[in-house]
Protein chains: 4
Amino acid sequence: MLEELRQEICAANQLLESSGLVKLTFGNVSGIDRDQGVFGIKPSGVAYDDLTPEQIVLIDLDGKVVEGDLRPSSDTKTHLELYRAWPSIGGVTHTHSIHATSFAQAGHALPCLGTTHADHFYGEVPVCRPLTPEEVEQDYEAHTGLAIIEHFAQHHIDPTTMPAVLQQHHAPFTWGKNAMDSIKNSIALEVCAEMALATFQLQPNTEAIPAHILEKHHQRKHGANAYYGQAK
Amino acid sequence: MLEELRQEICAANQLLESSGLVKLTFGNVSGIDRDQGVFGIKPSGVAYDDLTPEQIVLIDLDGKVVEGDLRPSSDTKTHLELYRAWPSIGGVTHTHSIHATSFAQAGHALPCLGTTHADHFYGEVPVCRPLTPEEVEQDYEAHTGLAIIEHFAQHHIDPTTMPAVLQQHHAPFTWGKNAMDSIKNSIALEVCAEMALATFQLQPNTEAIPAHILEKHHQRKHGANAYYGQAK
Amino acid sequence: MLEELRQEICAANQLLESSGLVKLTFGNVSGIDRDQGVFGIKPSGVAYDDLTPEQIVLIDLDGKVVEGDLRPSSDTKTHLELYRAWPSIGGVTHTHSIHATSFAQAGHALPCLGTTHADHFYGEVPVCRPLTPEEVEQDYEAHTGLAIIEHFAQHHIDPTTMPAVLQQHHAPFTWGKNAMDSIKNSIALEVCAEMALATFQLQPNTEAIPAHILEKHHQRKHGANAYYGQAK
Amino acid sequence: MLEELRQEICAANQLLESSGLVKLTFGNVSGIDRDQGVFGIKPSGVAYDDLTPEQIVLIDLDGKVVEGDLRPSSDTKTHLELYRAWPSIGGVTHTHSIHATSFAQAGHALPCLGTTHADHFYGEVPVCRPLTPEEVEQDYEAHTGLAIIEHFAQHHIDPTTMPAVLQQHHAPFTWGKNAMDSIKNSIALEVCAEMALATFQLQPNTEAIPAHILEKHHQRKHGANAYYGQAK
């Protein structure tokens, strides 16, 4: 079932390690088949090198395992809530990449300081509040997703143009059109976070990129008349 | 004798270099067979690439070489004291990894600033005092271990939930259930130290993670009802 | 057509990734055949691993595609303007390498703090102004090149001895005798930027290298009596 | 002639790149046969990957090329002066490694902040003064060596226990018993410099390691009763 989806998710999870985003087993990628209402996710605690497409756990949008012998990622319910709330997304990635996680730990939103950022994220990447003791107690991973969704709703942020969030005290989540696209946003987020830290070290008061440059760079890659990449 | 233990220790030592934790020969890993009361450790000054399971030196808990032609790591007595004092541990790793060592050099404990840390270390990773001239003179490496054990006893720290220490002016030691587990804690410690430095650069007054999140993350991975990883 | 040029450009683009200068598809290299008045450039959004010499897009100095089925890099017009204005250059590289881009984001020129810098760049690497809303609106990529050319003309900087620029809010461009030479300057620029940040962290008021050392290092590598490298 | 020496020097030069110490062709290693009074050094500007033992240029202590078709490293006279002044050394390495060079650029001596440093360098790694315009004009590379030798003589520093120096505005030089030993000191120097920068960022007033720990660590590895490594 869903052989192609499994393969893409397996490859995307292996990219977590080979791209340098994660050490040990600090991250996971999922991808969804919207027609079947089923998403696949990495099994918990399995080394990326050993991962095979058959081990990807398939789960429906009620959170039930549809196929798979292994326990799914402990973060599965966070992915589930994001897929439920946002029909436009097709993949989710969670990492503890060094610099993006440092911004999350500092409770510091990641401002758009240049075109590298503008190419991927339309403005400042937000920080989402930490969970309350009650939320942690009841259903930690589901509430992680719900807090993200709440933040985007309250601040009128569109998850399509802002495919990333930093959860305070925790780490980043990114998403995208599919599993591979979501991890590319994690790679871009880590690069932008590393650059932002260095930029602040050089010039603590660096201001965000002017609006017209943000607009241009985002639209040339993602707008209706985008001309970056090859026509599909 | 103890072929499987030798192989695990050899692989763990080679991981020191391939994981980027150490350069040259700045580190060593050991593992113990509690039934036989014998631990194996890297020979001193041998390049990781050239290391073979046969070269692992086997030592009993009186510190006598049981098997092996090569001189054991110069840090052997530190490992020995830790195995003697703490029956719950099965492996010990010593590195000079860049960021963890920088915290040790600065005499700066590593606070728990996020869930990456909470997943591995239950609270702040402590700094252990430097040795006195007398301790250095008499038996440097044994006293290194004894100072760590003294610190944990005096501060009522459980080595099972806090599998790491930073020795001032020196470098980190970590331990775990076995050799491979102990080096995974060294990898996690280095990541947490690198993140903590970047976090402080962004926000010098960053406070430790709230207690309920520390508790949750540690327990979901290490508690009685842990649900991270696969059931064994 | 221009088989050798295509191969060099392909190899130079692949070096962008293998040298660690860029992640994803954040950069491009071009090279020109001055006799034919044709330059080749990376197609837009193609992964470096998958790139073949046949995919290099050939373009004349009026900006028309001479050969190639794929859409050229979205930054093509910037390269075109540089080739038009400066007959002495034979290759152009654009990256978003971490530290050079951080200087560009901070709007901070890169001073010559040591001989590593002097070996490649004759003095401070300048920051070029951001584009106006009108320039962005009309023809963003052509104006990017024109703003660089304007900056060099107004400040009487010779592009032959200063083969690099940092565009504010954006990223670096470098150039050289040919495609491979231009990317070597990007590698050198990134190293110099990383060193300059660390130097400022150690000593915020570090001054530029004395003039006689700048002169010596630049001339022994690039002057009429250069004695670095092998005689050609 | 001197086949074994050539092979060691070739391997040591290739380690410059594979160890991450240098980019492009920013460094060189030499080694000497004291019986024959001949040292071998990398040819100038040759890529490390392409280097073969036959290309190593052999030079006598008068600075004359004894064997070799290629132009020797432009830094050859610096190596020559060090070999002439210090009969105890058998190899010399010059790099522009990021962090050691940053200390050189900042004119900041590298204090001994921990045992990693004490294991290799007996105290603070000194900064050597920049050359005067006259020295640069007359014979730049020879004067580079002479300034280092002058500094060690004036400050009564023993090159055997302090196998490294940082030349202001320039970069580090290290030496050792042979070519391979000299590059190991460059690797250790870079690690110590990276750690020192991070240590200062955590704790700007970090003091040097206590004398009794410096003494112990240096002697257990290099003293008459050293017990690090295998007996030879």
# chains A, B, ... in the order shown; residues from 1 in each chain; ligands from 1
call {"tool": "residues_around", "arguments": {"residues": "stretch 107-114 of chain A", "least_positions_apart": "3", "cutoff": "6 Å", "atoms": "only C-alpha atoms", "output": "list in words"}}
result
Phe103, Ala104, His117, Gly123, Glu124, Val125, Pro126, Val127, Gln168, Ala208 and Ile209 of chain A; Gln105, His169 and His170 of chain C
call {"tool": "write_last_selection", "arguments": {"atoms": "N, CA, C and O atoms", "output": "tab-separated table (two decimals), in the first residue's frame"}}
result
chain	number	residue	atom	x	y	z
A	103	PHE	N	17.33	29.27	18.37
A	103	PHE	CA	16.33	30.35	18.36
A	103	PHE	C	15.09	29.93	19.17
A	103	PHE	O	14.54	30.73	19.94
A	104	ALA	N	14.66	28.68	19.01
A	104	ALA	CA	13.50	28.18	19.77
A	104	ALA	C	13.79	28.23	21.26
A	104	ALA	O	12.94	28.66	22.06
A	117	HIS	N	16.28	33.88	3.24
A	117	HIS	CA	15.09	33.70	4.06
A	117	HIS	C	13.82	33.98	3.23
A	117	HIS	O	12.87	33.18	3.23
A	123	GLY	N	8.42	36.33	5.56
A	123	GLY	CA	8.44	37.15	6.78
A	123	GLY	C	9.09	36.40	7.93
A	123	GLY	O	9.81	35.43	7.73
A	124	GLU	N	8.83	36.89	9.13
A	124	GLU	CA	9.46	36.36	10.34
A	124	GLU	C	8.91	34.97	10.70
A	124	GLU	O	7.70	34.79	10.75
A	125	VAL	N	9.79	34.03	10.97
A	125	VAL	CA	9.33	32.71	11.42
A	125	VAL	C	8.95	32.83	12.90
A	125	VAL	O	9.77	33.23	13.73
A	126	PRO	N	7.69	32.52	13.23
A	126	PRO	CA	7.20	32.80	14.58
A	126	PRO	C	7.65	31.77	15.62
A	126	PRO	O	8.01	30.64	15.29
A	127	VAL	N	7.62	32.23	16.89
A	127	VAL	CA	7.82	31.34	18.03
A	127	VAL	C	6.47	31.03	18.63
A	127	VAL	O	5.67	31.94	18.89
A	168	GLN	N	8.84	27.20	21.49
A	168	GLN	CA	9.71	27.64	22.59
A	168	GLN	C	10.12	26.46	23.49
A	168	GLN	O	9.31	25.60	23.79
A	208	ALA	N	14.97	44.01	9.48
A	208	ALA	CA	14.45	43.07	8.49
A	208	ALA	C	14.63	43.64	7.09
A	208	ALA	O	14.76	44.86	6.89
A	209	ILE	N	14.65	42.77	6.12
A	209	ILE	CA	14.76	43.11	4.71
A	209	ILE	C	13.62	44.07	4.32
A	209	ILE	O	12.51	43.92	4.82
C	105	GLN	N	24.06	40.64	4.82
C	105	GLN	CA	22.82	40.92	5.55
C	105	GLN	C	23.03	42.05	6.57
C	105	GLN	O	22.13	42.86	6.80
C	169	HIS	N	21.40	42.97	2.07
C	169	HIS	CA	20.16	42.18	2.21
C	169	HIS	C	20.18	40.91	1.37
C	169	HIS	O	19.24	40.13	1.44
C	170	HIS	N	21.22	40.74	0.55
C	170	HIS	CA	21.19	39.61	-0.38
C	170	HIS	C	22.36	38.66	-0.10
C	170	HIS	O	22.30	37.90	0.88
call {"tool": "interface_residues", "arguments": {"of": "chain A", "to": "chain C", "cutoff": "8 Å", "atoms": "only C-alpha atoms", "output": "MDAnalysis selection string"}}
result
chainID A and resid 113:116 184 187:188 191 194:196 198:203 206 209 212:213 216 227:230
call {"tool": "select_by_dssp", "arguments": {"residues": "stretch 130-224 of chain D", "states": "alpha helix (DSSP H)", "output": "PyMOL selection string"}}
result
chain D and resi 133-154+179-202+211-222
call {"tool": "select_by_dssp", "arguments": {"residues": "stretch 32-212 of chain A", "states": "strand (DSSP E)", "output": "PyMOL selection string"}}
result
chain A and resi 32-33+38-41+57-60+65-67+91-94+127-128+164-167+172-176
call {"tool": "residues_around", "arguments": {"residues": "stretch 10-13 of chain B", "least_positions_apart": "5", "cutoff": "7 Å", "atoms": "only C-alpha atoms", "output": "VMD selection string"}}
result
chain B and resid 28 to 29 48 51 to 53 56 179 to 180 183
call {"tool": "residues_around", "arguments": {"residues": "D:Ile59", "least_positions_apart": "2", "cutoff": "10 Å", "atoms": "only C-alpha atoms", "output": "ChimeraX atom specification"}}
result
/D:32,37-41,56-57,61-68,72,76,80
call {"tool": "write_last_selection", "arguments": {"atoms": "C-alpha atoms", "output": "PDB file, in the first residue's frame"}}
result
ATOM      1  CA  ILE D  32      63.809  17.123   6.809  1.00  0.00           C
ATOM      2  CA  GLY D  37      70.814  18.049   5.369  1.00  0.00           C
ATOM      3  CA  VAL D  38      67.937  18.052   2.884  1.00  0.00           C
ATOM      4  CA  PHE D  39      64.285  18.876   3.372  1.00  0.00           C
ATOM      5  CA  GLY D  40      61.301  18.232   1.131  1.00  0.00           C
ATOM      6  CA  ILE D  41      58.381  20.611   0.636  1.00  0.00           C
ATOM      7  CA  ILE D  56      57.917  16.990  -3.541  1.00  0.00           C
ATOM      8  CA  VAL D  57      60.785  19.466  -4.032  1.00  0.00           C
ATOM      9  CA  LEU D  61      70.100  23.970   4.004  1.00  0.00           C
ATOM     10  CA  ASP D  62      71.607  26.643   1.771  1.00  0.00           C
ATOM     11  CA  GLY D  63      68.187  26.909   0.122  1.00  0.00           C
ATOM     12  CA  LYS D  64      69.223  25.315  -3.167  1.00  0.00           C
ATOM     13  CA  VAL D  65      66.884  22.950  -4.980  1.00  0.00           C
ATOM     14  CA  VAL D  66      68.547  19.527  -4.961  1.00  0.00           C
ATOM     15  CA  GLU D  67      65.829  17.656  -6.819  1.00  0.00           C
ATOM     16  CA  GLY D  68      62.480  18.565  -8.346  1.00  0.00           C
ATOM     17  CA  PRO D  72      58.696  24.951  -4.291  1.00  0.00           C
ATOM     18  CA  THR D  76      59.973  27.723   1.514  1.00  0.00           C
ATOM     19  CA  LEU D  80      64.410  26.876   5.758  1.00  0.00           C
TER      20      LEU D  80
END
call {"tool": "residues_around", "arguments": {"residues": "stretch 86-92 of chain C", "least_positions_apart": "6", "cutoff": "7 Å", "atoms": "only C-alpha atoms", "output": "list in words"}}
result
Val29, Ser30, Gly31, Ile32, His79, Thr174, Trp175, Gly176, Lys177, Asn178, Ala179 and Ser182 of chain C
call {"tool": "residues_around", "arguments": {"residues": "stretch 146-160 of chain C", "least_positions_apart": "3", "cutoff": "8 Å", "atoms": "only C-alpha atoms", "output": "ChimeraX atom specification"}}
result
/C:78,81-82,85-86,88-89,128-129,131,142-143,163-165,167,176
